[in-house]
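Here is the structure we will look at.
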Number of protein chains: 2
Amino acid sequence: MSERRYTVGVDFGTESGRAVLVDCADGRELATTVYPYANGVIDERLPEPHAHVELEPDWALQDPEDYLRTLEHTVPAVLAEARVDPSDVIGIGIDFTSCTMLPATADGTPLCLLDDLRAEPHAWVKLWKHHAAQPEADRINAVAAERGESWLPRYGGKISSEWFFAKTLQILDEAPGVYARADRILEAADWIVWQLTGVETRNNCTAGYKAMWSKRDGFPTDDYFAALDPRLEHVVDERLSRTIAPIGTRAGVLTERASALTGLRAGTSVAVANVDAHVSAPAATVTQPGTMVVIMGTSNCHIVLGDRLAFVEGMCGAVEDGVVPGLFGYEAGQSGVGDIFAWFADHAVPPGYHEEARRRGIDVHAVLEQHAAGLRPGESGLLALDWWNGNRSVLVDADLSGLLVGLTLATRPPEIYRALIEATAFGTRVIVEAFESAGVAVDGIVACGGLPQHNELLMQIYADVTGRDFAVAASSQTPALGAAMFAAVAAGPELGGHASVVDASRHMAHLAPRVFRPVDTHHAVYSELYREYLRLHDLFGRDDESVMKTLRRIRSAAAAKAARG
Amino acid sequence: MSERRYTVGVDFGTESGRAVLVDCADGRELATTVYPYANGVIDERLPEPHAHVELEPDWALQDPEDYLRTLEHTVPAVLAEARVDPSDVIGIGIDFTSCTMLPATADGTPLCLLDDLRAEPHAWVKLWKHHAAQPEADRINAVAAERGESWLPRYGGKISSEWFFAKTLQILDEAPGVYARADRILEAADWIVWQLTGVETRNNCTAGYKAMWSKRDGFPTDDYFAALDPRLEHVVDERLSRTIAPIGTRAGVLTERASALTGLRAGTSVAVANVDAHVSAPAATVTQPGTMVVIMGTSNCHIVLGDRLAFVEGMCGAVEDGVVPGLFGYEAGQSGVGDIFAWFADHAVPPGYHEEARRRGIDVHAVLEQHAAGLRPGESGLLALDWWNGNRSVLVDADLSGLLVGLTLATRPPEIYRALIEATAFGTRVIVEAFESAGVAVDGIVACGGLPQHNELLMQIYADVTGRDFAVAASSQTPALGAAMFAAVAAGPELGGHASVVDASRHMAHLAPRVFRPVDTHHAVYSELYREYLRLHDLFGRDDESVMKTLRRIRSAAAAKAARG
């Protein structure tokens, strides 16, 4: 045994799982390994030998064996790469996408691994972006609104089709036989911890953000569930659990079987499961109120801590102890960011830019960014609403759509690209101002995730638009680092870990040296443009009879007509 | 001499000139030849040896020698190709872009052909799309509005920077020396007729549509011109003429010199000059009220005839005898149509569609149209405002810009392409309804120009959107055919021509067999979409404080800042 102590963080993403081996003293990342899921996102047909089973639109499943293969492929690999003795690894922690959930037997066997249910789509893991439970979400919201359920305002007044009970209710609606066989219905995050420890736990982060649970009130009442569907009355007691484990605590220790899978010692501490966005906050150095963490990728997720419960418009959720014990963790989101830029690059950029990218051996995004960087704020005359994928915060409306105004015959692709970046920055400013006007301070901002590392123009625009300094997390893999930090807390100081998330963050999390600071003259122009953005935002987003909403209704009618032939 | 009688029509376009030889009996086009102007559109620097003279933005000049070369290259060529004896050609007529104008000496020599003025940009021909006289147009409008000039309402309340006195005033403002040397200032259309006949005439079409002249009131008063600029008080008497020749009459006969140039006999009848859009109406069979002609190309021009003067919102002009003698000719316009589609194809279509076009040996527009044709009205959820090049009718506002709403991550280029086509059709419907609500009937529509020949989807959408039958002119070169028809009228029946434009049209103009008829179910959906288009139209177009207008002001401020460094 050396004097150094390590933890392993495993981040279960959408397309792959990633392990990182981290030094508990300073957060140094010694090794990283990625495992691309063999079955990836299952959204067209089930894997062989059941590929004849086609999935309906909006479905998105995963294979739980991919999660086990992730552990098997990545944990031994980081140990080997870092040449670390497993006896120096004091804990393992995981973070997961959410709400990613599955039905299982009483012993934790996923129903999709049972021979007679393998061809049944509802027996598989429903991935976070499974969007086929919208009718169920609509019912959940309607019944909650009608009954005046007190938990509804904590979720911005509307829960999403992505969340736990919408997906649960879809199983019950469409496959009551599967529902009947499901002794347990749980988050994949908790399932993988069960596989590691042999013990079922339920973490308070997913319970709070995705299953309407709170420390003070627990789950919605049986009465509510009965009103939703009589068969659902006892769903919590029969298929979930009222015992909810706080993040930052220990779920258990590694079993012999999990030891064989991972190469870690049996008895190694295993942290309670956590969620990718939420573990990113302390991994980006944020454990106190006043600083927003923006996880920037295909979409943006915003985490802010507060010392009291405030109702902020359009939140995804406000959960006590949900991010850092002792504080309320607020989550907001922008449903389209990087994927809007990707849409643009894939579907709206003419050959010349692609050729330039090939010639110079760089990405077409880099080419567009370089051209766009030469423009001044306001110079293109363009303004966009960043709603290509709807609007999560603050309007909570998936039916909104993208808008672009100011186009002329002289408009060129880099100008539109820049307008799209600016629009997502305006969207972030709306969220920042929603927090502030509800009394939740946002003095500083730290960015992390895939986008900030390689997009200087984007970061500068976010700083210029919001008028705030944008720091960037040093780690390019904050979720995995965060999972490793929670592992260090679960292991505790007696083993060489940390006493609290705050302590772990202080030692293990770092910021990159460069801070993006707003340029006054840019901020002034962007504030003028932001006023116009807000006018469009309210005009199209807050009026149910707006042109944008009417277009969507016309579109739905046309689609219905097409479906009828 | 055979028994058949022919005329030659010469169409002077933006990039080239085109002659057509036509049979007066039935309009059969026996031969066509195009001459691409050697100096094309001069918009960056003067031609050699004065290429060191750079032009400011928005300038667009032409070389009058290109017009003479057009006659020299095309007229003998059509005679030769058709093997027609010049003695069987009873007349020649020309049409021109307008307002395309130049300063000349008293004998008709263009100032730019004088050695000492050749390096002076203001001595050259100002092409219709020379847009650098906006300050002068602003002054013309301001002084006219202040004085309550009675001619202003005939032009939709605002005259354009493209027109005759704006360009004239720019010469005076910026090059008073050139203005002083200009004994004559005239339309290029009239100048070329002068070259053919040796006699200066001024046609009533350009005088009426571009120089605020009317049969009843003549030009604006000297008082008005003096108020504009004291040096301009006697501009009409000194540099123009109060003798205005009606279209459809004879300007004179071909001189020996012009005979040598064209291969036609000296003494051949030469028609009074005319304008490309306006000659297209009778060439598209329209000589009576009730039917709109839409000349569809890079932009749309709409011609409607009426038997009385009505004030229609946003007209380019309403001129008595301006299109067909005895009727009021109304002109409206959409400033961007084909050039919006071209912008899209050039700047917003990804490589895959271009590759498909190459592979199939067709144009990328054809690829987009084929994909777009598979969509149902309303299915894309997209709606656009077709203002990429501003809005001519009915808003008369060059500062408006394009808008696109309804974009999602699933939006694909053919959907946007179709939305752009639909938007231009909605723009035409606005104009149709403006005519009708002013009491000018639009029962039928005939399309001509470059777009209708090859774009079935576009024509069907125009029919579906307007709810009206769209016929298409049989000729693909209606301006040149129209010029030949006016030549036949100027020659008169005694020579084998026609007694009137109505007669000429009845014999020489034809419609294509296919009529595009609205599909009821499409028209119903498009009427829903049109309501939304109108909401956007008024929201962004009629409010001077709209987001769109504010964006333009922010853009101008950014450009001014950039210019200051």
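Residues are referred to by chain and number: the chain letter is A, B, ... according to the order shown in the structure tokens, the number counts from 1 in that chain, and ligands are numbered separately from 1 in the order shown.
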
At a cut-off of 7 Å, which residues of chain B touch chain A? Count only C-alpha atoms and give the answer as a VMD selection string. chain B and resid 340 343 346 to 351 378 to 381 388 to 389 401 to 409 412 to 413 532 547 to 548 551 to 552 554 to 555 558 to 559

Quick one: residues within 7 Å of segment 113-128 of chain A, only C-alpha atoms, excluding same-chain residues fewer than 6 positions away - as an NGL selection string? :A and (50 or 53 or 60-64 or 97-103 or 162 or 171 or 175 or 178)

Go ahead and save the picked residues with C-alpha atoms, as a PDB file, in the first residue's frame.
```
ATOM      1  CA  HIS A  50     -35.366  -9.996 -31.445  1.00  0.00           C
ATOM      2  CA  VAL A  53     -39.521  -6.157 -32.815  1.00  0.00           C
ATOM      3  CA  ALA A  60     -35.277   5.052 -26.615  1.00  0.00           C
ATOM      4  CA  LEU A  61     -34.101   1.969 -24.716  1.00  0.00           C
ATOM      5  CA  GLN A  62     -30.824   0.656 -23.368  1.00  0.00           C
ATOM      6  CA  ASP A  63     -29.396  -2.749 -22.501  1.00  0.00           C
ATOM      7  CA  PRO A  64     -28.503  -3.176 -18.783  1.00  0.00           C
ATOM      8  CA  THR A  97     -28.123   9.847 -17.012  1.00  0.00           C
ATOM      9  CA  SER A  98     -31.586  10.314 -15.544  1.00  0.00           C
ATOM     10  CA  CYS A  99     -34.403   9.490 -15.570  1.00  0.00           C
ATOM     11  CA  THR A 100     -33.124   6.229 -17.030  1.00  0.00           C
ATOM     12  CA  MET A 101     -35.150   3.453 -15.407  1.00  0.00           C
ATOM     13  CA  LEU A 102     -36.044  -0.214 -15.588  1.00  0.00           C
ATOM     14  CA  PRO A 103     -38.347  -2.885 -14.172  1.00  0.00           C
ATOM     15  CA  GLU A 162     -38.941  11.923 -19.442  1.00  0.00           C
ATOM     16  CA  ILE A 171     -45.516   0.423 -18.729  1.00  0.00           C
ATOM     17  CA  ALA A 175     -47.878  -3.621 -20.926  1.00  0.00           C
ATOM     18  CA  VAL A 178     -44.778  -6.466 -17.600  1.00  0.00           C
TER      19      VAL A 178
END
```

Would you mind listing what lies within 7 Å of segment 318-328 of chain A as a list in words, with only C-alpha atoms counted and same-chain residues fewer than 5 positions away left out? Arg154, Tyr155, Asn204, Cys205, Gly208, Tyr209, Ser214, Lys215, His278, Val279, Thr287, Leu305, Gly306, Asp307, Arg308, Leu309 and Val501 of chain A

Give me, as a list in words, the residues of segment 41-216 of chain A that a backbone DSSP run labels strand (DSSP E or B). Ile42, Arg45, Glu54, Leu61, Gln62, Val89, Ile90, Gly91, Ile92, Gly93, Ile94, Asp95, Phe96, Met101, Leu102, Pro103, Ala104, Pro110, Val125, Lys126, Arg184, Ile185, Leu186, Glu187, Asn203 and Ser214 of chain A

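Our summary of the geometry notes that atom CA of Glu15 of chain A is positioned 11.7 Å from atom CA of Phe96 of chain A.
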
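The two atoms in question, atom CA of Val286 of chain A and atom CA of Ala509 of chain A, are spaced 8.8 Å apart.
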
If I take atom CA of Gly338 of chain B and atom CA of Leu451 of chain B, how far is one from the other in Å, to one decimal? 7.3 Å
